[in-house]
file run.cif (mmCIF, C-alpha atoms and all ligand atoms)
data_upload
loop_
_atom_site.label_atom_id
_atom_site.label_comp_id
_atom_site.auth_asym_id
_atom_site.auth_seq_id
_atom_site.Cartn_x
_atom_site.Cartn_y
_atom_site.Cartn_z
CA MET U 195 98.42 62.58 165.99
CA GLN U 196 99.08 60.59 162.82
CA THR U 197 95.97 59.69 160.86
CA GLN U 198 96.10 56.34 159.07
CA ILE U 199 93.80 55.13 156.30
CA GLY U 200 93.30 51.37 156.00
CA SER U 201 90.83 48.53 155.76
CA ASP U 202 91.74 46.73 158.98
CA ILE U 203 88.49 46.10 160.88
CA SER U 204 90.34 44.60 163.86
CA LEU U 205 92.45 47.71 164.23
CA ALA U 206 89.34 49.89 164.11
CA ILE U 207 87.81 47.71 166.84
CA GLU U 208 90.92 48.11 168.97
CA TYR U 209 90.73 51.88 168.78
CA LEU U 210 87.01 51.92 169.49
CA LYS U 211 87.41 49.63 172.51
CA LEU U 212 90.07 51.97 173.86
CA GLY U 213 87.62 54.85 173.65
CA ASP U 214 89.12 56.44 170.55
CA VAL U 215 87.24 57.71 167.54
CA VAL U 216 87.49 56.14 164.09
CA ALA U 217 86.00 57.21 160.76
CA ILE U 218 83.77 54.50 159.32
CA PRO U 219 82.23 53.97 155.88
CA THR U 220 78.47 53.87 155.50
CA GLU U 221 76.30 53.73 152.41
CA THR U 222 75.36 57.42 152.88
CA VAL U 223 78.48 59.32 153.97
CA TYR U 224 81.48 58.52 156.17
CA GLY U 225 80.78 58.70 159.89
CA LEU U 226 83.03 59.69 162.79
CA ALA U 227 82.38 56.90 165.26
CA GLY U 228 82.95 56.35 168.94
CA ASN U 229 81.52 54.15 171.69
CA ALA U 230 78.10 55.73 172.28
CA LEU U 231 78.00 54.48 175.88
CA ASP U 232 81.35 56.06 176.77
CA GLU U 233 81.01 59.79 177.40
CA GLU U 234 84.73 60.37 176.97
CA ALA U 235 84.62 58.83 173.52
CA VAL U 236 81.53 60.87 172.62
CA LEU U 237 83.28 64.06 173.74
CA LYS U 238 86.14 63.20 171.41
CA ILE U 239 83.68 63.10 168.50
CA TYR U 240 82.38 66.59 169.26
CA GLU U 241 85.93 67.85 169.66
CA ALA U 242 87.36 66.32 166.48
CA LYS U 243 84.48 67.76 164.47
CA GLN U 244 84.41 71.03 166.41
CA ARG U 245 80.71 70.52 166.61
CA PRO U 246 78.54 72.35 169.15
CA ARG U 247 77.30 70.00 171.85
CA PHE U 248 73.67 70.98 171.40
CA ASN U 249 73.66 69.08 168.11
CA PRO U 250 73.03 65.39 168.93
CA LEU U 251 74.48 62.26 167.33
CA ILE U 252 72.94 59.28 165.56
CA LEU U 253 73.31 55.87 167.20
CA HIS U 254 74.42 53.11 164.81
CA VAL U 255 73.54 49.48 165.54
CA SER U 256 73.77 46.24 163.56
CA SER U 257 70.22 44.91 163.91
CA PHE U 258 66.67 45.93 164.67
CA ASP U 259 66.69 43.69 167.78
CA GLN U 260 69.06 46.17 169.36
CA PHE U 261 66.68 49.10 169.02
CA SER U 262 64.89 48.12 172.22
CA LEU U 263 68.16 48.30 174.20
CA TYR U 264 68.41 52.02 173.47
CA ALA U 265 64.91 53.15 172.51
CA SER U 266 61.40 52.57 173.82
CA ASP U 267 57.80 52.83 172.59
CA ILE U 268 58.73 51.60 169.13
CA PRO U 269 55.58 52.00 167.02
CA GLU U 270 54.32 49.50 164.47
CA SER U 271 55.05 51.94 161.65
CA CYS U 272 58.71 51.95 162.71
CA ARG U 273 58.79 48.16 162.52
CA MET U 274 57.25 48.23 159.07
CA LEU U 275 59.76 50.77 157.85
CA ALA U 276 62.68 48.92 159.39
CA ALA U 277 61.56 45.67 157.76
CA LYS U 278 61.69 47.44 154.43
CA PHE U 279 64.57 49.93 154.72
CA SER U 280 66.96 48.77 157.46
CA PRO U 281 69.84 48.18 157.10
CA GLY U 282 69.67 51.34 155.04
CA PRO U 283 69.63 55.12 154.98
CA LEU U 284 66.65 55.72 157.28
CA THR U 285 67.10 57.09 160.82
CA TYR U 286 64.35 56.77 163.43
CA LEU U 287 63.83 59.27 166.23
CA LEU U 288 62.44 57.41 169.26
CA PRO U 289 62.13 57.90 173.03
CA LYS U 290 65.50 57.00 174.51
CA GLN U 291 66.37 54.47 177.18
CA ASP U 292 68.49 55.52 180.17
CA SER U 293 71.34 53.48 178.69
CA VAL U 294 71.99 56.27 176.17
CA PRO U 295 74.09 59.11 177.63
CA ASP U 296 72.53 62.58 177.50
CA LEU U 297 75.64 63.75 175.70
CA VAL U 298 74.66 61.63 172.68
CA THR U 299 71.18 63.13 172.44
CA ALA U 300 72.27 66.61 173.59
CA GLY U 301 69.87 66.36 176.49
CA SER U 302 66.86 65.34 174.40
CA GLU U 303 64.57 62.55 175.58
CA LYS U 304 64.71 61.14 172.06
CA VAL U 305 67.48 59.22 170.37
CA ALA U 306 68.14 58.97 166.63
CA ILE U 307 69.03 55.42 165.63
CA ARG U 308 69.82 53.61 162.38
CA ILE U 309 71.35 50.47 160.88
CA PRO U 310 73.89 51.43 158.22
CA ALA U 311 73.97 49.28 155.08
CA HIS U 312 77.69 48.96 154.52
CA PRO U 313 79.19 45.46 154.76
CA VAL U 314 82.39 46.64 156.46
CA THR U 315 80.62 48.69 159.09
CA LEU U 316 77.99 46.03 159.71
CA GLN U 317 80.78 43.55 160.32
CA LEU U 318 82.43 46.04 162.66
CA LEU U 319 79.21 46.67 164.60
CA GLN U 320 78.54 42.95 164.95
CA GLN U 321 81.87 42.53 166.70
CA LEU U 322 81.27 45.30 169.23
CA ASP U 323 79.22 45.07 172.40
CA PHE U 324 78.28 48.74 172.25
CA PRO U 325 76.56 50.95 169.68
CA LEU U 326 78.47 53.62 167.78
CA ALA U 327 77.59 57.28 167.93
CA ALA U 328 78.53 58.79 164.59
CA PRO U 329 77.92 62.13 162.92
CA SER U 330 79.18 62.71 159.40
CA ALA U 331 82.99 62.76 159.44
CA ASN U 332 83.48 66.36 158.32
CA PRO U 333 84.57 69.42 160.27
CA PHE U 334 81.40 71.13 161.51
CA GLY U 335 79.66 73.12 158.78
CA TYR U 336 81.53 71.66 155.81
CA VAL U 337 80.39 69.24 153.10
CA SER U 338 79.98 65.59 154.23
CA PRO U 339 82.72 63.16 153.12
CA VAL U 340 81.94 60.40 150.64
CA THR U 341 85.45 58.90 150.40
CA ALA U 342 88.16 58.06 152.93
CA GLN U 343 90.32 60.74 151.33
CA HIS U 344 87.64 63.38 151.98
CA VAL U 345 87.69 62.42 155.65
CA PHE U 346 91.48 62.67 155.67
CA ASP U 347 91.36 66.11 154.04
CA GLY U 348 89.10 67.42 156.80
CA LEU U 349 90.18 65.58 159.96
CA GLN U 350 93.81 64.71 159.35
CA GLY U 351 95.75 64.87 162.62
CA ARG U 352 92.59 64.83 164.75
CA ILE U 353 91.73 61.11 164.61
CA PRO U 354 93.91 57.99 164.61
CA TYR U 355 92.21 55.85 161.98
CA ILE U 356 89.99 55.99 158.89
CA LEU U 357 88.43 52.67 157.96
CA ASP U 358 88.29 52.72 154.17
CA GLY U 359 85.22 51.08 152.65
CA GLY U 360 85.44 52.72 149.24
CA PRO U 361 83.26 55.53 147.90
CA CYS U 362 79.80 55.77 149.49
CA ALA U 363 77.15 54.14 147.31
CA VAL U 364 74.38 56.64 148.14
CA GLY U 365 76.37 59.80 148.78
CA LEU U 366 73.66 61.68 150.68
CA GLU U 367 72.82 61.44 154.39
CA SER U 368 70.02 59.32 155.80
CA THR U 369 66.44 60.53 156.01
CA ILE U 370 65.46 61.30 159.62
CA ILE U 371 61.90 60.65 160.77
CA GLY U 372 59.93 60.62 164.01
CA PHE U 373 56.52 59.28 164.97
CA GLU U 374 53.62 61.28 166.35
CA ASN U 375 50.08 60.01 166.75
CA ASN U 376 49.17 58.92 163.26
CA GLU U 377 51.77 60.91 161.45
CA ILE U 378 55.36 60.52 160.40
CA ILE U 379 57.42 63.64 161.07
CA LEU U 380 60.20 64.30 158.61
CA TYR U 381 63.18 66.01 160.26
CA ARG U 382 65.67 65.73 157.43
CA HIS U 383 65.23 64.90 153.77
CA GLY U 384 67.67 62.20 152.79
CA ALA U 385 68.34 59.04 150.87
CA ILE U 386 64.93 57.44 151.48
CA PRO U 387 62.36 59.61 149.74
CA GLN U 388 59.24 60.78 151.55
CA GLU U 389 57.07 59.04 148.94
CA SER U 390 58.52 55.63 149.85
CA ILE U 391 57.80 56.23 153.54
CA GLU U 392 54.20 57.14 152.78
CA GLU U 393 53.83 54.10 150.57
CA VAL U 394 55.13 51.62 153.15
CA THR U 395 53.25 53.00 156.15
CA GLY U 396 50.14 54.37 154.47
CA MET U 397 50.62 57.33 156.81
CA PRO U 398 51.01 61.00 155.92
CA VAL U 399 54.48 62.50 156.24
CA ARG U 400 54.60 65.96 157.76
CA GLN U 401 57.67 68.04 157.22
CA MET U 402 59.18 69.81 160.19
CA SER U 403 59.69 73.34 158.97
CA HIS U 404 63.20 74.75 158.96
CA THR U 405 62.31 77.88 160.87
CA VAL U 406 61.01 76.38 164.10
CA GLN U 407 64.18 74.88 165.31
CA ILE U 408 67.52 75.20 166.87
CA ASP U 409 66.22 72.62 169.30
CA THR U 410 65.21 70.36 166.43
CA PRO U 411 68.55 69.41 165.07
CA GLY U 412 69.13 67.85 161.70
CA GLN U 413 68.34 71.35 160.91
CA LEU U 414 71.12 73.79 161.36
CA LYS U 415 70.89 75.80 158.19
CA SER U 416 74.61 76.38 157.87
CA HIS U 417 75.43 72.87 156.78
CA TYR U 418 76.92 71.39 153.65
CA ALA U 419 78.68 74.60 152.75
CA PRO U 420 81.34 74.91 150.06
CA ARG U 421 83.88 77.72 150.44
CA ILE U 422 82.44 80.05 147.84
CA PRO U 423 78.88 81.41 147.58
CA LEU U 424 76.26 79.18 145.99
CA TRP U 425 73.05 80.41 144.38
CA LEU U 426 70.19 78.07 143.64
CA GLY U 427 67.61 78.72 140.93
CA ASP U 428 67.27 79.33 137.23
CA VAL U 429 70.87 79.19 136.04
CA ASP U 430 70.34 81.26 132.88
CA SER U 431 68.87 84.18 134.82
CA LEU U 432 71.45 83.84 137.61
CA MET U 433 74.21 84.03 134.98
CA GLN U 434 72.90 87.42 133.88
CA VAL U 435 72.81 88.68 137.45
CA HIS U 436 76.35 87.47 138.15
CA HIS U 437 77.79 88.48 134.79
CA GLY U 438 81.53 89.17 134.98
CA LYS U 439 82.21 86.72 137.81
CA LYS U 440 84.00 83.42 137.36
CA ILE U 441 81.10 81.03 137.49
CA ALA U 442 80.87 77.28 138.18
CA VAL U 443 77.59 75.60 137.28
CA ILE U 444 75.93 72.55 138.83
CA SER U 445 73.17 71.06 136.71
CA PHE U 446 71.08 67.92 136.86
CA ALA U 447 71.50 66.78 133.23
CA LYS U 448 71.80 69.90 131.08
CA ARG U 449 74.93 71.27 129.44
CA TYR U 450 75.03 75.08 129.19
CA VAL U 451 76.72 77.16 126.49
CA TYR U 452 78.72 78.95 129.17
CA PRO U 453 80.99 78.57 131.20
CA GLU U 454 83.81 76.43 129.81
CA PRO U 455 83.36 72.65 130.36
CA ALA U 456 85.87 72.47 133.24
CA PHE U 457 83.53 74.74 135.23
CA GLN U 458 80.34 72.82 134.44
CA PHE U 459 79.26 69.93 136.62
CA ILE U 460 76.49 67.72 135.32
CA LEU U 461 75.40 65.49 138.19
CA SER U 462 73.74 62.91 135.97
CA PRO U 463 73.77 63.08 132.16
CA SER U 464 70.88 60.58 132.09
CA ALA U 465 68.90 62.60 134.70
CA ASP U 466 69.03 59.81 137.28
CA PHE U 467 68.42 61.01 140.87
CA HIS U 468 70.60 58.30 142.40
CA GLU U 469 73.56 59.15 140.24
CA ALA U 470 73.05 62.86 140.93
CA ALA U 471 72.92 62.27 144.70
CA ARG U 472 76.08 60.18 144.54
CA ASN U 473 77.94 62.98 142.74
CA LEU U 474 76.69 66.03 144.66
CA PHE U 475 79.15 66.24 147.57
CA LYS U 476 82.06 65.12 145.42
CA VAL U 477 81.31 67.93 142.98
CA LEU U 478 80.96 70.56 145.72
CA ARG U 479 84.43 69.60 146.92
CA GLN U 480 85.84 69.60 143.38
CA ILE U 481 84.52 73.10 142.80
CA ASP U 482 86.26 74.25 145.98
CA THR U 483 89.57 73.42 144.30
CA LEU U 484 88.85 75.65 141.28
CA ASP U 485 89.35 79.39 141.21
CA ALA U 486 85.66 80.13 140.71
CA ASP U 487 83.99 83.11 142.43
CA ILE U 488 80.54 81.67 142.68
CA ILE U 489 78.48 78.49 142.14
CA LEU U 490 75.15 78.60 140.32
CA ALA U 491 73.05 75.48 140.83
CA GLU U 492 69.85 74.31 139.19
CA ARG U 493 66.89 73.58 141.41
CA PHE U 494 66.00 69.89 141.10
CA PRO U 495 62.48 68.54 140.56
CA GLU U 496 60.73 68.42 143.98
CA ALA U 497 60.18 64.68 143.98
CA GLY U 498 61.99 61.62 145.29
CA LEU U 499 65.67 62.24 145.96
CA GLY U 500 65.31 65.63 144.25
CA ARG U 501 63.94 67.01 147.52
CA ALA U 502 67.02 65.95 149.48
CA ILE U 503 69.34 67.35 146.82
CA ASN U 504 67.48 70.69 146.87
CA ASP U 505 67.62 70.68 150.66
CA ARG U 506 71.43 70.36 150.67
CA LEU U 507 71.84 73.00 147.96
CA GLN U 508 69.49 75.32 149.83
CA ARG U 509 71.49 74.98 153.02
CA ALA U 510 74.70 75.68 151.14
CA GLN U 511 73.04 78.83 149.82
CA ALA U 512 71.65 79.82 153.22
CA VAL U 513 75.12 80.16 154.72
CA PHE U 514 75.97 82.99 152.37
CA LYS U 515 72.53 84.57 152.42
CA ASN U 516 72.70 84.78 156.20
CA SER U 517 76.31 85.78 156.59
O1 LIG U 601 73.57 59.24 156.88
C1 LIG U 601 73.72 59.67 158.03
O2 LIG U 601 72.77 59.91 158.78
C2 LIG U 601 75.16 59.92 158.48
C3 LIG U 601 75.88 58.59 158.62
C4 LIG U 601 77.26 58.74 159.19
O3 LIG U 601 75.11 57.72 159.41
N1 LIG U 601 75.16 60.63 159.73
C5 LIG U 601 74.85 61.93 159.81
O4 LIG U 601 75.02 62.45 161.08
O5 LIG U 601 74.46 62.59 158.87
P1 LIG U 601 75.03 64.00 161.37
O6 LIG U 601 75.33 64.12 162.82
O7 LIG U 601 75.92 64.69 160.45
O8 LIG U 601 73.55 64.40 161.12
C6 LIG U 601 72.56 63.83 161.94
C7 LIG U 601 71.50 64.81 162.26
C8 LIG U 601 72.06 65.98 163.02
O9 LIG U 601 71.76 67.17 162.35
C9 LIG U 601 71.36 65.91 164.35
O10 LIG U 601 70.99 67.18 164.78
C10 LIG U 601 70.17 65.00 164.11
O11 LIG U 601 70.57 64.15 163.11
N2 LIG U 601 69.91 64.24 165.32
C11 LIG U 601 70.67 63.31 165.89
N3 LIG U 601 70.14 62.89 167.06
C12 LIG U 601 69.01 63.58 167.23
C13 LIG U 601 68.03 63.63 168.25
N4 LIG U 601 68.12 62.88 169.34
N5 LIG U 601 67.00 64.48 168.10
C14 LIG U 601 66.89 65.25 166.99
N6 LIG U 601 67.79 65.26 165.99
C15 LIG U 601 68.84 64.44 166.10
MG MG U 602 76.52 66.12 159.19
#
call {"tool": "encode", "arguments": {"input": "run.cif", "output": "structure tokens"}}
result
Amino acid sequence: MQTQIGSDISLAIEYLKLGDVVAIPTETVYGLAGNALDEEAVLKIYEAKQRPRFNPLILHVSSFDQFSLYASDIPESCRMLAAKFSPGPLTYLLPKQDSVPDLVTAGSEKVAIRIPAHPVTLQLLQQLDFPLAAPSANPFGYVSPVTAQHVFDGLQGRIPYILDGGPCAVGLESTIIGFENNEIILYRHGAIPQESIEEVTGMPVRQMSHTVQIDTPGQLKSHYAPRIPLWLGDVDSLMQVHHGKKIAVISFAKRYVYPEPAFQFILSPSADFHEAARNLFKVLRQIDTLDADIILAERFPEAGLGRAINDRLQRAQAVFKNS
């Protein structure tokens, strides 16, 4: 199969209506989209990504009105959050309606749903009479794509079309939350910080721990992995431990004396979380093209987007710790 990159929304619609999968831009990362109500199309998503079928997919819709077509028991706190953050990088886990195939939710009674804030994809969704199921458009286990070219590099030959909407403005996946009694449950740190969710709802946010799951997706540890080992922590001490190896460094704002500049990646010289988030996945991919042996990454401050950045770095580290 030839994979084309272009900005033709009508062509993307044609493919989607035929039950094919198309990569779409969102503000977070590129998604690999198919008709969520068509099981054949959903199967193609799992296949193209080589993703295990026990890991469910997020439903993408164009407006909050559509939530009730696919989800039920929508709590007031969800409405409040949607009024503030949707369209945007917040995903809500809600009881699903029968209209959503079990294949999308991997058998769960809950569906994850969000409204992406990308003008191209919103326009696309508005012209469809079905929602799109879309995981990040990377081969399973690799770093999420934040440009059309990244998608091409990973899925070339497996999908017909990549709808190019430019580089992703946020660069980090959506935050995933659920609702329980008087609590918000955080399933995945992401582009909307926990603090903002607490502020809008006035409700406490409880973090789902990483060790409980396998059945609580969002949560496979072996995600976001570059090709070489990554260690997270105090870079100066890590450099001593890994002395003699060819080291690449990822820092928030600091420049180190060693290694040479081409192997140092400062995510935001002005220490801005948004800029750092936008650069993270791009940098992980860049480092994969160098001949480094190992990546040493600073731990970010545990606040705001820093938590989501640490989460992704930790998962990248976990792959090598566990393997
Ligand atoms: O920003 C994003 O969320 C991007 C863009 C494309 O929208 N999507 C994305 O999808 O990151 P994905 O599949 O790479 O990650 C979504 C996570 C998965 O780890 C999945 O396990 C979890 O959401 N998830 C989806 N549906 C779920 C459900 N019904 N119950 C629990 N977790 C769910
Ligand atoms: Mg993903």
call {"tool": "residues_near_point", "arguments": {"input": "run.cif", "point": "(78.8, 59.6, 158.4)", "cutoff": "10 Å", "atoms": "all atoms listed in the file", "output": "list in words"}}
result
Ala217, Ile218, Pro219, Thr220, Glu221, Thr222, Val223, Tyr224, Gly225, Leu226, Ala227, Ile252, Pro310, Ala327, Ala328, Pro329, Ser330, Ala331, Asn332, Ser338, Pro339, Val340, Val345, Cys362, Gly365, Leu366, Glu367 and Ser368 of chain U
call {"tool": "atom_distance", "arguments": {"input": "run.cif", "atom1": "atom CA of U:Leu212", "atom2": "atom CA of U:Lys243"}}
result
19.2 Å
call {"tool": "closest_residue", "arguments": {"input": "run.cif", "among": "U:Phe475, U:Tyr286, U:Phe373, U:Phe346", "to": "ligand MG 602 (chain U)", "atoms": "all atoms listed in the file"}}
result
U:Phe475
call {"tool": "residues_around", "arguments": {"input": "run.cif", "residues": "U:Ser262", "least_positions_apart": "6", "cutoff": "10 Å", "atoms": "all atoms listed in the file", "output": "ChimeraX atom specification"}}
result
/U:268,290-291
call {"tool": "residues_around", "arguments": {"input": "run.cif", "residues": "U:Phe279", "least_positions_apart": "2", "cutoff": "12 Å", "atoms": "all atoms listed in the file", "output": "list in words"}}
result
Ser257, Phe258, Ser271, Cys272, Arg273, Met274, Leu275, Ala276, Ala277, Pro281, Gly282, Pro283, Leu284, Thr285, Tyr286, Arg308, Ile309, Pro310, Ala311, Ser368, Thr369, Ala385, Ile386, Pro387, Ser390, Ile391, Val394 and Thr395 of chain U
call {"tool": "write_last_selection", "arguments": {"input": "run.cif", "atoms": "C-alpha atoms", "output": "short mmCIF file (atom, residue, chain, number, x, y, z; two decimals), keeping the file's coordinate frame"}}
result
data_model
loop_
_atom_site.label_atom_id
_atom_site.label_comp_id
_atom_site.auth_asym_id
_atom_site.auth_seq_id
_atom_site.Cartn_x
_atom_site.Cartn_y
_atom_site.Cartn_z
CA SER U 257 70.22 44.91 163.91
CA PHE U 258 66.67 45.93 164.67
CA SER U 271 55.05 51.94 161.65
CA CYS U 272 58.71 51.95 162.71
CA ARG U 273 58.79 48.16 162.52
CA MET U 274 57.25 48.23 159.07
CA LEU U 275 59.76 50.77 157.85
CA ALA U 276 62.68 48.92 159.39
CA ALA U 277 61.56 45.67 157.76
CA PRO U 281 69.84 48.18 157.10
CA GLY U 282 69.67 51.34 155.04
CA PRO U 283 69.63 55.12 154.98
CA LEU U 284 66.65 55.72 157.28
CA THR U 285 67.10 57.09 160.82
CA TYR U 286 64.35 56.77 163.43
CA ARG U 308 69.82 53.61 162.38
CA ILE U 309 71.35 50.47 160.88
CA PRO U 310 73.89 51.43 158.22
CA ALA U 311 73.97 49.28 155.08
CA SER U 368 70.02 59.32 155.80
CA THR U 369 66.44 60.53 156.01
CA ALA U 385 68.34 59.04 150.87
CA ILE U 386 64.93 57.44 151.48
CA PRO U 387 62.36 59.61 149.74
CA SER U 390 58.52 55.63 149.85
CA ILE U 391 57.80 56.23 153.54
CA VAL U 394 55.13 51.62 153.15
CA THR U 395 53.25 53.00 156.15
#
call {"tool": "closest_residue", "arguments": {"input": "run.cif", "among": "U:Asp487, U:Glu496, U:Asp358, U:Glu393", "to": "U:Ile203", "atoms": "only C-alpha atoms"}}
result
U:Asp358
call {"tool": "residues_near_point", "arguments": {"input": "run.cif", "point": "(52.5, 61.4, 159.5)", "cutoff": "6 Å", "atoms": "only C-alpha atoms", "output": "VMD selection string"}}
result
chain U and resid 376 to 379 397 to 400
